[in-house]
file input16.txt (compact mmCIF, C-alpha atoms)
# COMPACT_ATOMS: atom_id res chain seq x y z
CA MET E 143 -30.09 7.38 -54.69
CA GLY E 144 -31.80 9.99 -52.46
CA VAL E 145 -33.53 9.13 -49.19
CA GLY E 146 -36.94 9.79 -50.76
CA LYS E 147 -36.28 7.23 -53.46
CA LYS E 148 -34.93 4.77 -50.89
CA VAL E 149 -38.09 5.16 -48.82
CA ALA E 150 -40.15 4.56 -51.96
CA ARG E 151 -38.21 1.38 -52.67
CA VAL E 152 -38.55 0.08 -49.11
CA ALA E 153 -42.25 1.00 -49.10
CA GLY E 154 -42.79 -0.87 -52.33
CA LYS E 155 -41.31 -4.01 -50.83
CA GLN E 156 -43.36 -3.60 -47.64
CA ALA E 157 -46.70 -2.86 -49.34
CA ALA E 158 -48.98 -5.90 -49.11
CA PRO E 159 -51.17 -6.89 -52.08
CA LYS E 160 -54.24 -6.40 -49.88
CA VAL E 161 -54.02 -3.59 -47.36
CA GLY E 162 -56.00 -3.99 -44.15
CA TRP E 163 -56.27 -1.93 -40.99
CA SER E 164 -53.20 -3.65 -39.53
CA PHE E 165 -51.16 -2.01 -42.28
CA VAL E 166 -51.05 1.35 -40.50
CA ARG E 167 -50.17 -0.26 -37.16
CA GLN E 168 -47.24 -1.99 -38.82
CA ALA E 169 -46.21 1.25 -40.54
CA LEU E 170 -46.27 3.03 -37.19
CA ASP E 171 -44.11 0.35 -35.59
CA LYS E 172 -41.58 0.65 -38.43
CA ALA E 173 -41.65 4.45 -38.23
CA ILE E 174 -40.98 4.44 -34.49
CA ASP E 175 -38.33 1.71 -34.58
CA GLY E 176 -36.73 2.74 -37.88
CA ILE E 177 -36.50 0.86 -41.16
CA GLY E 178 -34.19 1.02 -44.17
CA PRO E 179 -32.87 4.58 -44.59
CA LEU E 180 -35.14 5.90 -41.83
CA ARG E 181 -33.66 5.99 -38.37
CA SER E 182 -35.99 5.60 -35.40
CA ALA E 183 -38.39 8.50 -34.95
CA ALA E 184 -36.83 9.44 -31.60
CA GLU E 185 -33.27 9.35 -32.95
CA SER E 186 -34.19 11.45 -35.97
CA ALA E 187 -36.07 13.97 -33.84
CA THR E 188 -33.18 14.21 -31.37
CA THR E 189 -30.79 15.03 -34.21
CA HIS E 190 -33.01 17.93 -35.22
CA MET E 191 -33.13 19.03 -31.58
CA VAL E 192 -29.33 19.10 -31.40
CA ASP E 193 -29.12 21.03 -34.66
CA ALA E 194 -31.64 23.53 -33.25
CA HIS E 195 -29.49 23.96 -30.11
CA GLY E 196 -32.25 22.67 -27.86
CA ASP E 197 -35.05 24.78 -29.34
CA VAL E 198 -37.99 22.34 -29.50
CA GLU E 199 -40.15 24.46 -31.79
CA GLN E 200 -37.31 25.05 -34.23
CA ALA E 201 -36.58 21.32 -34.21
CA ILE E 202 -40.23 20.59 -35.02
CA ARG E 203 -40.17 23.07 -37.91
CA THR E 204 -37.05 21.58 -39.47
CA LEU E 205 -38.28 18.03 -38.83
CA THR E 206 -41.50 18.89 -40.66
CA ARG E 207 -39.68 20.53 -43.58
CA THR E 208 -37.44 17.49 -43.94
CA HIS E 209 -40.39 15.09 -44.04
CA VAL E 210 -42.33 17.29 -46.45
CA GLY E 211 -39.35 17.07 -48.81
CA LEU E 212 -39.05 13.31 -48.37
CA ALA E 213 -42.78 12.82 -48.94
CA GLY E 214 -42.60 14.81 -52.14
CA ALA E 215 -39.59 12.83 -53.31
CA GLN E 216 -41.17 9.43 -52.65
CA GLY E 217 -44.44 10.54 -54.24
CA PHE E 218 -42.52 11.59 -57.33
CA ALA E 219 -40.45 8.39 -57.39
CA THR E 220 -43.42 6.03 -57.03
CA ASN E 221 -45.47 7.79 -59.72
CA LEU E 222 -42.94 8.33 -62.48
CA GLY E 223 -44.40 5.56 -64.64
CA GLY E 224 -47.39 5.87 -66.91
CA ILE E 225 -50.89 4.45 -66.49
CA MET E 226 -49.65 0.86 -66.90
CA THR E 227 -47.71 1.09 -63.61
CA LEU E 228 -50.75 2.23 -61.57
CA ALA E 229 -51.44 -1.14 -59.88
CA VAL E 230 -47.91 -1.27 -58.48
CA SER E 231 -47.20 2.39 -57.79
CA VAL E 232 -50.37 3.28 -55.83
CA PRO E 233 -49.81 0.74 -52.98
CA ALA E 234 -46.12 1.70 -52.83
CA ASN E 235 -47.02 5.40 -52.74
CA ILE E 236 -49.56 4.89 -49.93
CA ALA E 237 -47.07 2.80 -47.95
CA GLY E 238 -44.33 5.37 -48.42
CA VAL E 239 -46.33 8.43 -47.41
CA THR E 240 -47.87 6.58 -44.43
CA LEU E 241 -44.44 5.59 -43.17
CA LEU E 242 -43.10 9.13 -43.50
CA GLN E 243 -46.11 10.80 -41.91
CA ALA E 244 -46.04 8.35 -38.99
CA HIS E 245 -42.31 9.01 -38.60
CA LEU E 246 -42.93 12.77 -38.58
CA VAL E 247 -45.78 12.73 -36.05
CA ALA E 248 -43.92 10.28 -33.80
CA GLY E 249 -40.89 12.59 -33.94
CA ILE E 250 -43.03 15.58 -32.97
CA ALA E 251 -44.56 13.58 -30.10
CA HIS E 252 -41.08 12.64 -28.88
CA LEU E 253 -39.91 16.25 -28.98
CA ARG E 254 -42.97 17.28 -27.00
CA GLY E 255 -42.18 14.78 -24.24
CA TYR E 256 -44.48 11.83 -25.04
CA ASP E 257 -43.51 8.19 -24.52
CA LEU E 258 -43.60 6.50 -27.93
CA ASP E 259 -43.96 3.08 -26.30
CA ASP E 260 -47.24 4.12 -24.66
CA PRO E 261 -50.20 2.64 -26.62
CA ARG E 262 -52.24 5.76 -25.85
CA VAL E 263 -49.59 7.89 -27.54
CA ARG E 264 -49.47 5.53 -30.51
CA ASN E 265 -53.21 5.91 -31.01
CA ALA E 266 -52.81 9.68 -30.72
CA ILE E 267 -50.14 9.61 -33.45
CA LEU E 268 -52.43 7.71 -35.82
CA ALA E 269 -55.33 10.04 -34.97
CA ALA E 270 -53.17 13.08 -35.77
CA MET E 271 -52.39 11.55 -39.16
CA LEU E 272 -56.11 11.67 -39.96
CA GLY E 273 -55.95 15.46 -40.03
CA GLU E 274 -57.91 18.09 -38.15
CA ASP E 275 -61.09 18.03 -40.26
CA LYS E 276 -61.40 14.24 -40.16
CA VAL E 277 -60.77 14.10 -36.41
CA ARG E 278 -63.39 16.77 -35.80
CA GLU E 279 -65.87 14.79 -37.90
CA LEU E 280 -65.17 11.51 -36.08
CA VAL E 281 -65.44 13.12 -32.65
CA LYS E 282 -68.70 14.79 -33.64
CA ARG E 283 -70.30 11.51 -34.66
CA LYS E 284 -68.74 9.79 -31.61
CA SER E 285 -66.64 7.35 -33.63
CA LEU E 286 -63.61 8.80 -31.83
CA PRO E 287 -63.85 9.79 -28.14
CA SER E 288 -61.52 12.79 -28.35
CA PRO E 289 -58.76 14.55 -30.33
CA PRO E 290 -55.12 13.31 -30.28
CA MET E 291 -54.00 15.28 -27.21
CA ALA E 292 -56.76 13.83 -25.06
CA LEU E 293 -56.10 10.33 -26.43
CA ALA E 294 -52.41 10.58 -25.52
CA THR E 295 -53.16 11.72 -21.98
CA ALA E 296 -56.21 9.56 -21.24
CA PRO E 297 -56.30 7.95 -17.77
CA SER E 298 -55.96 4.50 -19.33
CA HIS E 299 -55.51 2.77 -22.67
CA ALA E 300 -58.70 1.65 -24.41
CA PRO E 301 -57.66 -1.36 -26.56
CA GLU E 302 -60.85 -1.18 -28.65
CA LEU E 303 -59.60 2.11 -30.07
CA ASP E 304 -56.57 0.44 -31.67
CA LYS E 305 -58.54 -1.09 -34.52
CA ILE E 306 -61.04 1.78 -34.81
CA ILE E 307 -58.40 4.44 -35.35
CA ALA E 308 -56.29 2.24 -37.63
CA SER E 309 -59.33 1.37 -39.74
CA GLU E 310 -60.35 5.01 -40.05
CA LEU E 311 -56.83 6.01 -41.06
CA THR E 312 -56.62 3.23 -43.64
CA GLY E 313 -59.87 4.42 -45.19
CA GLU E 314 -58.72 8.03 -45.12
CA LEU E 315 -55.42 7.21 -46.82
CA PHE E 316 -57.21 5.51 -49.67
CA ALA E 317 -59.81 8.31 -49.86
CA ARG E 318 -57.02 10.85 -50.30
CA THR E 319 -55.52 8.73 -53.07
CA VAL E 320 -58.87 8.36 -54.84
CA GLY E 321 -59.48 12.08 -54.47
CA ARG E 322 -56.49 12.91 -56.64
CA ARG E 323 -56.94 9.94 -58.98
CA ALA E 324 -58.59 11.82 -61.87
CA VAL E 325 -55.84 14.42 -62.01
CA THR E 326 -53.13 11.81 -61.59
CA LEU E 327 -54.54 9.58 -64.32
CA MET E 328 -54.55 12.49 -66.73
CA ALA E 329 -51.03 13.43 -65.72
CA ARG E 330 -49.87 9.84 -66.12
CA ARG E 331 -50.32 10.17 -69.86
CA ILE E 332 -47.06 12.10 -69.50
CA PRO E 333 -44.99 9.94 -67.10
CA VAL E 334 -42.98 12.69 -65.39
CA ALA E 335 -46.11 14.80 -64.89
CA GLY E 336 -47.68 11.97 -62.87
CA GLY E 337 -44.71 12.08 -60.51
CA VAL E 338 -44.95 15.86 -60.15
CA VAL E 339 -48.68 15.74 -59.26
CA ALA E 340 -48.29 12.90 -56.75
CA GLY E 341 -45.15 14.36 -55.21
CA GLY E 342 -46.74 17.78 -54.77
CA THR E 343 -49.88 16.30 -53.21
CA ASP E 344 -47.94 14.10 -50.79
CA ALA E 345 -45.75 17.03 -49.76
CA TYR E 346 -48.79 19.25 -49.11
CA GLN E 347 -50.65 16.59 -47.12
CA THR E 348 -47.56 15.80 -45.06
CA ARG E 349 -47.15 19.48 -44.19
CA GLN E 350 -50.81 19.59 -43.09
CA VAL E 351 -50.37 16.50 -40.91
CA GLY E 352 -47.20 17.91 -39.33
CA GLN E 353 -48.83 21.25 -38.58
CA TYR E 354 -51.86 19.58 -37.00
CA ALA E 355 -49.69 17.30 -34.87
CA ALA E 356 -47.61 20.26 -33.69
CA LYS E 357 -50.78 22.19 -32.85
CA GLU E 358 -52.54 19.31 -31.11
CA LEU E 359 -49.76 17.57 -29.15
CA LYS E 360 -48.92 20.16 -26.50
CA ASP E 361 -45.60 19.96 -24.67
CA ARG E 362 -46.04 17.62 -21.70
CA ARG E 363 -43.02 19.04 -19.87
CA LEU E 364 -44.47 22.52 -19.42

call {"tool": "encode", "arguments": {"input": "input16.txt", "output": "C-alpha cells"}}
result
Amino acid sequence: MGVGKKVARVAGKQAAPKVGWSFVRQALDKAIDGIGPLRSAAESATTHMVDAHGDVEQAIRTLTRTHVGLAGAQGFATNLGGIMTLAVSVPANIAGVTLLQAHLVAGIAHLRGYDLDDPRVRNAILAAMLGEDKVRELVKRKSLPSPPMALATAPSHAPELDKIIASELTGELFARTVGRRAVTLMARRIPVAGGVVAGGTDAYQTRQVGQYAAKELKDRRL
C-alpha cells in the first residue's frame, strides 16, 4: 500500500462525524508531530534538505512535489467509490488533504528557520493554507490582521486569532470541496473517474498552497 493510500486510511479513521474549527488545529498538531506513515514535519523537511545537499530552495521544491503527489494519491484513494460512498469519502478526503497540506507548509516553515512550537508560527501555517486570494480577502475586510509572514513574526501571540484562523480554514476547506462537488458527482457515476477528478484537484490545490507558503514565509536566517 502506497503512502498516499495509508494517509487516506489514517485520515478516514481520524475524521470526526461532525467537523468543527478544532479539527484543523488537531490536524496541524498531527502534521507537526507526525502520525501513521507521516514523519514529523521537521524530520521530513530535514530529509529533503539532506537530499538537496543543504540547498533550502531545492529542498522546498522537492518537498512540495512529494506532497502534491501524496495529495493526489489520497484524493484518488478516498474517492474511488461511487455516489453511495460520498458520506464516508468526503470527510476522509478533507481530513487527508488537510493533514498533508499542513505537513507541507510546516515543513517549508521549518526549512525557512521558523520555530514550529511557536503559536504565532502555527497560526501563520494555517493562514498560508487558506491560499493567497483568501488571505488577501480576509485582510481587506479586517478579519485577519496580516498575511502569514507578519503573523509568524508578530511581537506577541494573539490567542483570539487561534479560533478565527482555524474557523476560516475549516470553512474554506469545505467551500473547496463543495466547489468541485458537481463535477465529482457526475464523475462518481464511473467510480474510477471520481478518484481521478478528486485526486487531480487535491494535487493542484496542494501545489498552490505550497507555492504560496514558499512565497510568503521568507527565510528568517537571512

call {"tool": "residues_near_point", "arguments": {"input": "input16.txt", "point": "(-57.0, 15.4, -35.2)", "cutoff": "8 Å", "atoms": "all atoms listed in the file", "output": "number ranges by chain"}}
result
E: 269-278, 289-290, 354-355, 358

call {"tool": "residues_around", "arguments": {"input": "input16.txt", "residues": "His190 (chain E)", "least_positions_apart": "6", "cutoff": "8 Å", "atoms": "only C-alpha atoms", "output": "number ranges by chain"}}
result
E: 201-202, 204-205

call {"tool": "residues_around", "arguments": {"input": "input16.txt", "residues": "region 251-263 of chain E", "least_positions_apart": "6", "cutoff": "9 Å", "atoms": "all atoms listed in the file", "output": "list in words"}}
result
Ile174, Ala183, Ala184, Ala187, Thr188, Met191, Val198, Glu199, Ala201, Ile202, Pro290, Met291, Leu293, Ala294, Thr295, Ala296, Ser298, His299, Ala300, Pro301, Asp304, Ala355, Ala356, Leu359, Lys360, Asp361, Arg362 and Arg363 of chain E

call {"tool": "closest_residue", "arguments": {"input": "input16.txt", "among": "E:Leu170, E:Ala308, E:Ala266, E:Leu242", "to": "Ser288 (chain E)", "atoms": "all atoms listed in the file"}}
result
E:Ala266

call {"tool": "closest_residue", "arguments": {"input": "input16.txt", "among": "E:Ala169, E:Leu212, E:Val351, E:Ile250", "to": "Ser186 (chain E)", "atoms": "all atoms listed in the file"}}
result
E:Ile250

call {"tool": "atom_distance", "arguments": {"input": "input16.txt", "atom1": "CA of Ala244 (chain E)", "atom2": "CA of Gly176 (chain E)"}}
result
10.9 Å

call {"tool": "residues_around", "arguments": {"input": "input16.txt", "residues": "Gly352 (chain E)", "least_positions_apart": "4", "cutoff": "8 Å", "atoms": "all atoms listed in the file", "output": "PyMOL selection string"}}
result
chain E and resi 206+243+246-247+250+348+356

call {"tool": "write_last_selection", "arguments": {"input": "input16.txt", "atoms": "C-alpha atoms", "output": "PDB file, keeping the file's coordinate frame"}}
result
ATOM      1  CA  THR E 206     -41.500  18.890 -40.660  1.00  0.00           C
ATOM      2  CA  GLN E 243     -46.110  10.800 -41.910  1.00  0.00           C
ATOM      3  CA  LEU E 246     -42.930  12.770 -38.580  1.00  0.00           C
ATOM      4  CA  VAL E 247     -45.780  12.730 -36.050  1.00  0.00           C
ATOM      5  CA  ILE E 250     -43.030  15.580 -32.970  1.00  0.00           C
ATOM      6  CA  THR E 348     -47.560  15.800 -45.060  1.00  0.00           C
ATOM      7  CA  ALA E 356     -47.610  20.260 -33.690  1.00  0.00           C
TER       8      ALA E 356
END

call {"tool": "closest_residue", "arguments": {"input": "input16.txt", "among": "E:Leu311, E:Ala292, E:Thr240, E:Arg283", "to": "Asp344 (chain E)", "atoms": "only C-alpha atoms"}}
result
E:Thr240

call {"tool": "atom_distance", "arguments": {"input": "input16.txt", "atom1": "CA of Val210 (chain E)", "atom2": "CA of Arg349 (chain E)"}}
result
5.8 Å

call {"tool": "closest_residue", "arguments": {"input": "input16.txt", "among": "E:Leu180, E:Gln353, E:Leu268, E:Lys172", "to": "Arg207 (chain E)", "atoms": "all atoms listed in the file"}}
result
E:Gln353

call {"tool": "atom_distance", "arguments": {"input": "input16.txt", "atom1": "CA of Thr343 (chain E)", "atom2": "CA of Ile236 (chain E)"}}
result
11.9 Å

call {"tool": "closest_residue", "arguments": {"input": "input16.txt", "among": "E:Val166, E:Gly178, E:Thr208, E:Glu310", "to": "Leu280 (chain E)", "atoms": "all atoms listed in the file"}}
result
E:Glu310

call {"tool": "closest_residue", "arguments": {"input": "input16.txt", "among": "E:Leu364, E:Pro179, E:Trp163, E:Gly196", "to": "Ile306 (chain E)", "atoms": "only C-alpha atoms"}}
result
E:Trp163

call {"tool": "decode", "arguments": {"input": "input16.txt", "residues": "region 285-321 of chain E", "atoms": "N, CA, C and O atoms", "output": "JSON list (two decimals), in the first residue's frame"}}
result
[["chain", "number", "residue", "atom", "x", "y", "z"],
["E", 285, "SER", "N", -10.75, 40.77, 8.89],
["E", 285, "SER", "CA", -11.00, 39.56, 9.66],
["E", 285, "SER", "C", -9.68, 38.91, 10.08],
["E", 285, "SER", "O", -9.61, 38.15, 11.03],
["E", 286, "LEU", "N", -8.62, 39.24, 9.33],
["E", 286, "LEU", "CA", -7.27, 38.77, 9.61],
["E", 286, "LEU", "C", -6.37, 39.99, 9.66],
["E", 286, "LEU", "O", -6.44, 40.85, 8.77],
["E", 287, "PRO", "N", -5.53, 40.13, 10.69],
["E", 287, "PRO", "CA", -4.73, 41.36, 10.82],
["E", 287, "PRO", "C", -3.64, 41.51, 9.78],
["E", 287, "PRO", "O", -3.27, 42.64, 9.43],
["E", 288, "SER", "N", -3.12, 40.38, 9.27],
["E", 288, "SER", "CA", -1.99, 40.46, 8.34],
["E", 288, "SER", "C", -1.77, 39.11, 7.66],
["E", 288, "SER", "O", -2.31, 38.09, 8.08],
["E", 289, "PRO", "N", -0.96, 39.08, 6.60],
["E", 289, "PRO", "CA", -0.61, 37.83, 5.93],
["E", 289, "PRO", "C", 0.25, 36.92, 6.81],
["E", 289, "PRO", "O", 0.72, 37.34, 7.88],
["E", 290, "PRO", "N", 0.50, 35.68, 6.38],
["E", 290, "PRO", "CA", 1.24, 34.70, 7.20],
["E", 290, "PRO", "C", 2.58, 35.17, 7.72],
["E", 290, "PRO", "O", 2.91, 34.94, 8.89],
["E", 291, "MET", "N", 3.40, 35.81, 6.88],
["E", 291, "MET", "CA", 4.73, 36.23, 7.31],
["E", 291, "MET", "C", 4.65, 37.17, 8.51],
["E", 291, "MET", "O", 5.38, 37.02, 9.50],
["E", 292, "ALA", "N", 3.75, 38.13, 8.46],
["E", 292, "ALA", "CA", 3.59, 39.07, 9.56],
["E", 292, "ALA", "C", 3.02, 38.39, 10.80],
["E", 292, "ALA", "O", 3.37, 38.74, 11.93],
["E", 293, "LEU", "N", 2.15, 37.41, 10.60],
["E", 293, "LEU", "CA", 1.61, 36.65, 11.74],
["E", 293, "LEU", "C", 2.73, 35.90, 12.45],
["E", 293, "LEU", "O", 2.79, 35.86, 13.68],
["E", 294, "ALA", "N", 3.60, 35.27, 11.66],
["E", 294, "ALA", "CA", 4.68, 34.46, 12.24],
["E", 294, "ALA", "C", 5.71, 35.29, 12.99],
["E", 294, "ALA", "O", 6.37, 34.79, 13.91],
["E", 295, "THR", "N", 5.85, 36.55, 12.61],
["E", 295, "THR", "CA", 6.87, 37.40, 13.21],
["E", 295, "THR", "C", 6.28, 38.53, 14.06],
["E", 295, "THR", "O", 6.97, 39.50, 14.38],
["E", 296, "ALA", "N", 5.01, 38.40, 14.42],
["E", 296, "ALA", "CA", 4.36, 39.42, 15.25],
["E", 296, "ALA", "C", 5.07, 39.56, 16.60],
["E", 296, "ALA", "O", 5.68, 38.59, 17.08],
["E", 297, "PRO", "N", 5.02, 40.73, 17.21],
["E", 297, "PRO", "CA", 5.70, 40.93, 18.50],
["E", 297, "PRO", "C", 5.23, 39.97, 19.59],
["E", 297, "PRO", "O", 6.01, 39.58, 20.46],
["E", 298, "SER", "N", 3.95, 39.58, 19.52],
["E", 298, "SER", "CA", 3.42, 38.66, 20.53],
["E", 298, "SER", "C", 2.28, 37.84, 19.93],
["E", 298, "SER", "O", 1.73, 38.19, 18.89],
["E", 299, "HIS", "N", 1.98, 36.74, 20.60],
["E", 299, "HIS", "CA", 0.90, 35.87, 20.14],
["E", 299, "HIS", "C", -0.45, 36.43, 20.57],
["E", 299, "HIS", "O", -0.63, 36.84, 21.71],
["E", 300, "ALA", "N", -1.39, 36.46, 19.62],
["E", 300, "ALA", "CA", -2.75, 36.92, 19.93],
["E", 300, "ALA", "C", -3.65, 35.69, 19.98],
["E", 300, "ALA", "O", -4.06, 35.17, 18.93],
["E", 301, "PRO", "N", -3.97, 35.18, 21.18],
["E", 301, "PRO", "CA", -4.74, 33.93, 21.30],
["E", 301, "PRO", "C", -6.09, 33.96, 20.59],
["E", 301, "PRO", "O", -6.57, 32.91, 20.14],
["E", 302, "GLU", "N", -6.70, 35.15, 20.47],
["E", 302, "GLU", "CA", -8.01, 35.21, 19.82],
["E", 302, "GLU", "C", -7.94, 34.83, 18.34],
["E", 302, "GLU", "O", -8.95, 34.47, 17.73],
["E", 303, "LEU", "N", -6.74, 34.91, 17.78],
["E", 303, "LEU", "CA", -6.59, 34.54, 16.37],
["E", 303, "LEU", "C", -6.65, 33.03, 16.15],
["E", 303, "LEU", "O", -6.93, 32.58, 15.04],
["E", 304, "ASP", "N", -6.37, 32.26, 17.19],
["E", 304, "ASP", "CA", -6.34, 30.80, 17.04],
["E", 304, "ASP", "C", -7.65, 30.27, 16.47],
["E", 304, "ASP", "O", -7.66, 29.53, 15.49],
["E", 305, "LYS", "N", -8.75, 30.66, 17.08],
["E", 305, "LYS", "CA", -10.05, 30.17, 16.63],
["E", 305, "LYS", "C", -10.47, 30.83, 15.32],
["E", 305, "LYS", "O", -11.07, 30.18, 14.46],
["E", 306, "ILE", "N", -10.17, 32.11, 15.16],
["E", 306, "ILE", "CA", -10.57, 32.83, 13.95],
["E", 306, "ILE", "C", -9.96, 32.19, 12.70],
["E", 306, "ILE", "O", -10.66, 31.88, 11.73],
["E", 307, "ILE", "N", -8.66, 31.97, 12.74],
["E", 307, "ILE", "CA", -7.98, 31.40, 11.58],
["E", 307, "ILE", "C", -8.43, 29.97, 11.33],
["E", 307, "ILE", "O", -8.68, 29.57, 10.19],
["E", 308, "ALA", "N", -8.55, 29.19, 12.41],
["E", 308, "ALA", "CA", -8.98, 27.80, 12.27],
["E", 308, "ALA", "C", -10.40, 27.72, 11.71],
["E", 308, "ALA", "O", -10.70, 26.86, 10.86],
["E", 309, "SER", "N", -11.26, 28.59, 12.15],
["E", 309, "SER", "CA", -12.65, 28.61, 11.65],
["E", 309, "SER", "C", -12.69, 28.99, 10.18],
["E", 309, "SER", "O", -13.43, 28.39, 9.39],
["E", 310, "GLU", "N", -11.91, 29.99, 9.80],
["E", 310, "GLU", "CA", -11.87, 30.40, 8.40],
["E", 310, "GLU", "C", -11.33, 29.28, 7.51],
["E", 310, "GLU", "O", -11.85, 29.04, 6.41],
["E", 311, "LEU", "N", -10.31, 28.58, 7.99],
["E", 311, "LEU", "CA", -9.74, 27.49, 7.20],
["E", 311, "LEU", "C", -10.72, 26.34, 7.07],
["E", 311, "LEU", "O", -10.84, 25.74, 6.01],
["E", 312, "THR", "N", -11.42, 26.02, 8.16],
["E", 312, "THR", "CA", -12.42, 24.96, 8.10],
["E", 312, "THR", "C", -13.47, 25.28, 7.04],
["E", 312, "THR", "O", -13.83, 24.43, 6.21],
["E", 313, "GLY", "N", -13.97, 26.52, 7.06],
["E", 313, "GLY", "CA", -14.96, 26.93, 6.07],
["E", 313, "GLY", "C", -14.41, 26.88, 4.66],
["E", 313, "GLY", "O", -15.10, 26.45, 3.72],
["E", 314, "GLU", "N", -13.15, 27.29, 4.49],
["E", 314, "GLU", "CA", -12.54, 27.28, 3.17],
["E", 314, "GLU", "C", -12.35, 25.86, 2.64],
["E", 314, "GLU", "O", -12.57, 25.59, 1.46],
["E", 315, "LEU", "N", -11.98, 24.95, 3.51],
["E", 315, "LEU", "CA", -11.79, 23.55, 3.10],
["E", 315, "LEU", "C", -13.09, 22.97, 2.57],
["E", 315, "LEU", "O", -13.11, 22.27, 1.55],
["E", 316, "PHE", "N", -14.19, 23.25, 3.28],
["E", 316, "PHE", "CA", -15.47, 22.74, 2.83],
["E", 316, "PHE", "C", -15.95, 23.46, 1.58],
["E", 316, "PHE", "O", -16.57, 22.86, 0.70],
["E", 317, "ALA", "N", -15.63, 24.76, 1.46],
["E", 317, "ALA", "CA", -16.02, 25.51, 0.26],
["E", 317, "ALA", "C", -15.32, 24.94, -0.96],
["E", 317, "ALA", "O", -15.92, 24.83, -2.04],
["E", 318, "ARG", "N", -14.06, 24.57, -0.82],
["E", 318, "ARG", "CA", -13.33, 23.98, -1.94],
["E", 318, "ARG", "C", -13.95, 22.65, -2.35],
["E", 318, "ARG", "O", -14.05, 22.34, -3.54],
["E", 319, "THR", "N", -14.38, 21.88, -1.34],
["E", 319, "THR", "CA", -14.99, 20.59, -1.63],
["E", 319, "THR", "C", -16.33, 20.78, -2.34],
["E", 319, "THR", "O", -16.63, 20.09, -3.33],
["E", 320, "VAL", "N", -17.13, 21.71, -1.86],
["E", 320, "VAL", "CA", -18.42, 21.99, -2.48],
["E", 320, "VAL", "C", -18.22, 22.52, -3.90],
["E", 320, "VAL", "O", -18.99, 22.21, -4.82],
["E", 321, "GLY", "N", -17.18, 23.31, -4.10],
["E", 321, "GLY", "CA", -16.92, 23.88, -5.41],
["E", 321, "GLY", "C", -16.71, 22.84, -6.49],
["E", 321, "GLY", "O", -17.02, 23.08, -7.66]]
